[in-house]
Structures are given as structure tokens and as C-alpha cells.
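Just below is one structure, and these are the notes that go with it.
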Amino acid sequence: MSHAAGTLIIGASHAGVQVAASLRDNGYHLPITLLEAGTHLPYQRPPLSKAYLKEALDNQRLALRGEAFYQQKDITLLLNHRALQIDRQHQSVSAWHDNREVTFHYDQLVIATGASARTLPAAAGMPGVRVLRDLDDAIALKADFDAAQSIVVIGSGFIGLEVASTAVSLGKQVTVVEHGSRILSRLFPAQLSAFMQQTHEQNGVAFCFDTTVERLTTQNRTQNPDTHSYPQNTQNPDTHKNNTNNRAHQTCLQLSNGQTLTADLVVVGIGATINDQLAQDAGLACQNGILVDPGGCTSDPAVYACGDCTITTRADGRTTHIESIQNALEQAKTVAANITGQPAPEPVAPWFWSDQKDIKLQMVGDAMDYDDLIVRGDIASGKFSLLYYQNERLIRVDSVNAAADHLAARKLVSQRFPLPKDAAADTAVRLKSFT
Amino acid sequence: MSNATIHIGFKLPDGNIQHIDAPLGQNIMQAAIVNNIDGIEAECGGSCMCATCHLYLPDSLLDSVTPANDEELEMLEETAAERRPGSRLSCQLLATEAMAGVIFEVPECQS
């Protein structure tokens, strides 16, 4: 079966849906087909680690766009279509749907296949060990999460800390295991890691640093009543009869520091693997991610890629990989502009956020090569920003519960603005006054 | 969330009004998004992080909605379009019976 050409998009998440929407906004009138392996109407990902875990939001509250949007904009959204192979010579993609192969032709192809949660090989197939990246992960996690009283989170990245925050706010016992010596050590300076750790500890999260998980074993909790590391779990045995199957098991984690933890649920948050296999198989240039130029074009001029699956080669030769919604949306708009021959949106400094109970963290700029760091506000107060400089220019700002700083900083960092340092440190001076 | 809905409208910058039914308890941003209201960008998906779901409430409604918290007030200072007394971030507004029949005004720009 073959379809009229136009733009074919593989992957209907934030990036893929935005390409389709922006193409129509730009007046593109050829067919647009969105192939999505999953079965859910395209949805928002940020709530999955927060509101969804708390209250299992329905489709209406997770949807990226209403169902009618795709019809109104004449976008063919095909769920449950898993792309199998890209044939660049014939400009076609085969996909698996309902136990048969379907072929789609394209004039332009956009790959927006994202990334998948990295799993722990040692935990393959174990009940009560979960990851979180997409809605199917969240659905599986949610069932275990509701029943769990004790949770071990492996990895203190954003996802792990968000899940930990959600869990302690619901009264669950949470321990985070981190192989590094502090939270997000590759991304944060020591004072920000320390503030985050302290806040999480005050909220009831326990941390095990400088250690890794050496072995996981599943144990039947009723047979090992003495090994519970959390006294709250050794309840009246009668209550166990009402437990789900998931809670009949616990996972025992042996750490490299000799410690043993036991938990009803283990959440593995150790990063993501980029979904670039389709592109690799098609012979597109990849380097642990699909290589694209700043316009989103791959090594084949008829094929674009955007979002978490990409590695961008910048004008100065540097390569960057940014996993964020903002980056996905910007790249998607850029790809749509290139397909329709319109000027691409002005590049802006990347920004990112994470919501962790009392911590509303907002970051703009991703530079690590700063030569000066100004603290704006009092860290102990829980409302402050860190301003990073290079050669007297502002290159990155991390804000904690300081939204006004963040919004102004997006403009200032994008311009690498030479913000006077005395003003940077003075909370009485609004950053907006420099924009 | 209850199944009951309220009828609300969005007045777009070009003067057109789009009407939708929003379930009680749903946030107005999400109601606007699923009904494809143009001009609500909502880049952060309702996390009160981006100030791109800015709306103007009619004066008549101001006394009957939960006031903005400090976090929202701080974001409102930084909206792309002019801030007015009725300015709110729609991700922070839940649909209530008091909003039945109300027309929200969508600003000229969000970012």
C-alpha cells in the first residue's frame, strides 16, 4: 500500500507533533503523516513524574493537542505504527501495523524517535523494578507506586529526584542511591548540589552516595519478615492479604559499599539511550545519536531529525546533545521552517526546568566552562539564582524558586549579556531591567 | 474530576471568539490546548515555568477566582504581552462554576 508523498514524521511526541503543527502554521499544504509506535494520543511528558504518579491523569489532561487538532489541520496521525526501515533510495518507510507491513513514501522525512530510559541489565524482567520515560513506563510504574510504601531510586538525576519528591510527599519511604559523591555532580556546582540534597533530606529523602547497586534479588516479603530495612513495613500481617501481587515481592539491593536495602519498588533513573537505530540502519551519519546540522538536516538532504534523538553539529564544530522539551520544540520549528523555505527562528539559549516538591529549578544555558559564579539571593532562604560568567559575559543562570530571574535570564544568556556583577548579586535590581 | 462542564469562550487577538466546554476542575490551559485554542503556547505543559499560557480575565471574574500565588505573580511580571489587572496564567486556573459563560481574552503574544 502506498500513500501520496509529502512530509512523513516518525515519532509523535513533543518534537514530531510540533513539526506537523509548525508546517501547517507555515502554510505547508502537502500531506503530513505522523507515524507513532505507541498507542496513546500524543501526550505531555512533564506530568508523568509528578501529577500522573499522584493522580493518574486521563488523556484529556495529558494530551498535547486535542484529537480534533489532527483532523482540523489535516495531519494523518497513525498510532500503533512502528517504523521498521527507512529506504532512502526510494524515499519510503516501512512500518509494522496490525501484524502487517505498511509502506509510506515521503518527499521529506523527519525522524523524531526520541530516547528510551536506560535500564539496569541486572534487573531485566524483575517485578517491582521500573523505569520512567514514556506513558507506558508511567502506567506500569503507577500501579507499583501506589502499592509501594518503600521505594529505592537508583540515580539522582532529574527524573529520579522528581519521582523521589513525589513519593515522599505521599508519605512513602525513599532512598536514593547515587554512584557519584553528590546530586547532579556533572551539571551542578557544589553549592547547588548541597542545597538540593539538604532540601530533599528535610523532606524525608535518604541518600546513599559513592555507591552502586551490585546485585538485585526478588524476595517474597512474607517469607523474610526480618529483613525489612524500613520498620513501617513490618505491619500487621493481616494487611498483607489485601496487597497486590506487586507488594507480595520486595527487591533486595546489595550495594558496593556493603549496605543492603530492601524496597517494595525500585525506580531506575540512570539516563537514556538515544533511539537512533533506524537512522543507523539507513546509513545516516550517527554518533550515539543522529547527527544534524543547526537546521536539523541529517547527512541526507531529504531527511531531517529533531528532539532527543539528535546530536547537533554547531557552526563552530562543537557537537551538542540536549534532551529537553524546549530544545525539541525549537528544533522542530527549525525543521518545519527549512522544509517550507522560511527563515528559522532565532536560536536561543537552551532552557530546562525540574519540579521537585519545594524546589522549582529553572536553568538557562548549559555551559560548564565558566570562570566566575555569582550567587544572587540567599541560598539558605531557598530562593536564589546562580549566575555563571565567562569573560564578564553571562552564559548560564540556574534559578531556584526565582522565576522572574529565570525569565529575564533567558534573554540575557541568549545575548551573552555583559551583566554588571554588582547588579547580578543585588536582588533589589531586577534582571528584567537589563533586557 | 466531575463530568460536569462549563461553557467558556476565548477572544482571540483578531477579535474572533472560540467557544469550548471545559470540565469542572480541569485547568483552563489544558482545556484550551485540547480544544485547539490558538495563542496559548503552554510550552511547559502547565508547570508554571514558562508564562506562555497568559490570559486576561474579565473584571467580573476577578473576585471569584482563587488569587495567584507568589510563584504565579512573579511569572506574571515577566509575561511577553502587557500585564493587566486581569492577567493570569491559565495553567494555574481551575474551571469552576463561577466561570460559566465567561470570555477570556488571549493576549497578542506569549513569548
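A note on labels: chains of the C-alpha cells are A, B, ... as shown, every chain counts residues from 1, and ligands are counted from 1 in their shown order.
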
Query - Non-local contacts of Gly101 (chain B) (9 Å; only C-alpha atoms; under 6 positions in same chain excluded) as a PyMOL selection string - result: chain B and resi 6-9

Taking all heavy atoms for each residue, export the selection above as a compact mmCIF listing (two decimals), in the first residue's frame.
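And here is the file that came out, part_24.txt:
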```txt
# COMPACT_ATOMS: atom_id res chain seq x y z
N ILE B 6 -18.41 23.38 31.93
CA ILE B 6 -18.90 24.74 31.78
C ILE B 6 -18.56 25.23 30.38
O ILE B 6 -17.59 24.76 29.77
CB ILE B 6 -18.28 25.72 32.81
CG1 ILE B 6 -16.75 25.59 32.82
CG2 ILE B 6 -18.88 25.49 34.19
CD1 ILE B 6 -16.06 26.76 33.47
N HIS B 7 -19.36 26.14 29.92
CA HIS B 7 -19.15 26.71 28.59
C HIS B 7 -18.33 27.99 28.77
O HIS B 7 -18.71 28.87 29.55
CB HIS B 7 -20.53 27.02 28.00
CG HIS B 7 -20.50 27.24 26.53
ND1 HIS B 7 -20.16 26.25 25.64
CD2 HIS B 7 -20.76 28.35 25.79
CE1 HIS B 7 -20.22 26.73 24.41
NE2 HIS B 7 -20.57 28.00 24.47
N ILE B 8 -17.19 28.08 28.12
CA ILE B 8 -16.38 29.31 28.21
C ILE B 8 -15.92 29.71 26.81
O ILE B 8 -15.98 28.91 25.87
CB ILE B 8 -15.14 29.14 29.13
CG1 ILE B 8 -14.31 27.93 28.71
CG2 ILE B 8 -15.55 29.02 30.59
CD1 ILE B 8 -13.02 27.76 29.50
N GLY B 9 -15.49 30.95 26.69
CA GLY B 9 -15.04 31.44 25.39
C GLY B 9 -13.65 32.05 25.47
O GLY B 9 -13.19 32.43 26.55
```

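What chain A places within 7 Å of chain B, counting only C-alpha atoms, is A:Gln44, A:Pro46, A:Gln60, A:Arg61, A:Ala63, A:Arg65, A:Gly66, A:Phe69, A:Ala403, A:Ala404, A:Leu407.
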
Take the residues that were just selected and, keeping N, CA, C and O atoms, output them as a PDB file, in the first residue's frame.
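Dumped everything to part.pdb:
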```pdb
ATOM      1  N   GLN A  44       1.716  15.011  26.992  1.00  0.00           N
ATOM      2  CA  GLN A  44       2.737  15.777  27.699  1.00  0.00           C
ATOM      3  C   GLN A  44       3.566  14.831  28.557  1.00  0.00           C
ATOM      4  O   GLN A  44       3.012  14.035  29.296  1.00  0.00           O
ATOM      5  N   PRO A  46       6.096  16.053  30.938  1.00  0.00           N
ATOM      6  CA  PRO A  46       6.480  16.539  32.274  1.00  0.00           C
ATOM      7  C   PRO A  46       5.601  16.036  33.420  1.00  0.00           C
ATOM      8  O   PRO A  46       6.128  15.752  34.495  1.00  0.00           O
ATOM      9  N   GLN A  60      -7.404  13.411  28.596  1.00  0.00           N
ATOM     10  CA  GLN A  60      -7.790  14.815  28.452  1.00  0.00           C
ATOM     11  C   GLN A  60      -6.784  15.737  29.119  1.00  0.00           C
ATOM     12  O   GLN A  60      -6.558  16.843  28.692  1.00  0.00           O
ATOM     13  N   ARG A  61      -6.221  15.255  30.218  1.00  0.00           N
ATOM     14  CA  ARG A  61      -5.321  16.127  30.971  1.00  0.00           C
ATOM     15  C   ARG A  61      -3.867  15.933  30.589  1.00  0.00           C
ATOM     16  O   ARG A  61      -3.013  16.682  31.025  1.00  0.00           O
ATOM     17  N   ALA A  63      -3.092  15.265  27.128  1.00  0.00           N
ATOM     18  CA  ALA A  63      -2.965  15.426  25.678  1.00  0.00           C
ATOM     19  C   ALA A  63      -2.153  16.662  25.307  1.00  0.00           C
ATOM     20  O   ALA A  63      -2.314  17.730  25.881  1.00  0.00           O
ATOM     21  N   ARG A  65      -2.328  17.915  22.220  1.00  0.00           N
ATOM     22  CA  ARG A  65      -3.339  18.632  21.437  1.00  0.00           C
ATOM     23  C   ARG A  65      -4.608  17.797  21.495  1.00  0.00           C
ATOM     24  O   ARG A  65      -4.532  16.591  21.701  1.00  0.00           O
ATOM     25  N   GLY A  66      -5.726  18.458  21.252  1.00  0.00           N
ATOM     26  CA  GLY A  66      -6.966  17.695  21.215  1.00  0.00           C
ATOM     27  C   GLY A  66      -6.995  16.788  19.997  1.00  0.00           C
ATOM     28  O   GLY A  66      -6.304  17.028  19.012  1.00  0.00           O
ATOM     29  N   PHE A  69      -7.561  18.354  16.680  1.00  0.00           N
ATOM     30  CA  PHE A  69      -6.487  19.149  16.091  1.00  0.00           C
ATOM     31  C   PHE A  69      -5.945  18.485  14.827  1.00  0.00           C
ATOM     32  O   PHE A  69      -5.741  19.133  13.794  1.00  0.00           O
ATOM     33  N   ALA A 403      11.521  32.610  39.603  1.00  0.00           N
ATOM     34  CA  ALA A 403      11.047  32.558  38.217  1.00  0.00           C
ATOM     35  C   ALA A 403      11.332  33.846  37.448  1.00  0.00           C
ATOM     36  O   ALA A 403      11.628  33.808  36.253  1.00  0.00           O
ATOM     37  N   ALA A 404      11.260  34.965  38.141  1.00  0.00           N
ATOM     38  CA  ALA A 404      11.483  36.238  37.442  1.00  0.00           C
ATOM     39  C   ALA A 404      12.924  36.312  36.954  1.00  0.00           C
ATOM     40  O   ALA A 404      13.192  36.745  35.826  1.00  0.00           O
ATOM     41  N   LEU A 407      13.176  34.031  33.790  1.00  0.00           N
ATOM     42  CA  LEU A 407      12.592  34.524  32.538  1.00  0.00           C
ATOM     43  C   LEU A 407      13.445  35.640  31.935  1.00  0.00           C
ATOM     44  O   LEU A 407      13.647  35.689  30.727  1.00  0.00           O
TER      45      LEU A 407
END
```

Query raised in the report: If you count only C-alpha atoms, which residues fall within 6 Å of Ile32 (chain A), apart from same-chain ones fewer than 6 positions away, as an NGL selection string?
Result: :A and (6-8 or 75)

Query - Sel. of strand (DSSP E) residues, chain B, as a ChimeraX atom specification - result: /B:5-11,17-23,54-56,87-89,103-105

Report task. Write out as a ChimeraX atom specification the residues lying within 10 Å of Gly25 (chain B), counting only C-alpha atoms and excluding same-chain residues fewer than 3 positions away. Result -> /B:1-5,22,28,93-97

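Counting only C-alpha atoms, Ala425 (chain A) has the following residues at most 8 Å away, ignoring those fewer than 5 positions along the same chain: A:Ile374, A:Val375, A:Arg376, A:Gly377.
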
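Across A:Gln356, A:Gln72, A:Thr320, A:Gln259, the tightest approach to Met196 (chain A) is made by A:Gln356 when counting only C-alpha atoms.
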
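For the pair CA of Gly86 (chain B) and CA of His54 (chain B), the interatomic distance is 10.0 Å.
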
Requested in this report: Enumerate, as a ChimeraX atom specification, the complete set of residues in region 1-74 of chain B that a backbone-based DSSP assignment places in helix (DSSP H, G or I).
Outcome: /B:28-34,59-64,70-74

Report task. Find the residues around Thr313 (chain A) up to 7 Å (only C-alpha atoms counted), leave out those fewer than 4 positions away in its own chain, and share them as a ChimeraX atom specification. Result -> /A:291-294,317-320

Query - Selection: 12 Å around Val429 (chain A), only C-alpha atoms, excl. self and same-chain fewer than 4 positions, as a PyMOL selection string - result: chain A and resi 376-377+404-405+408+419-425+433-434
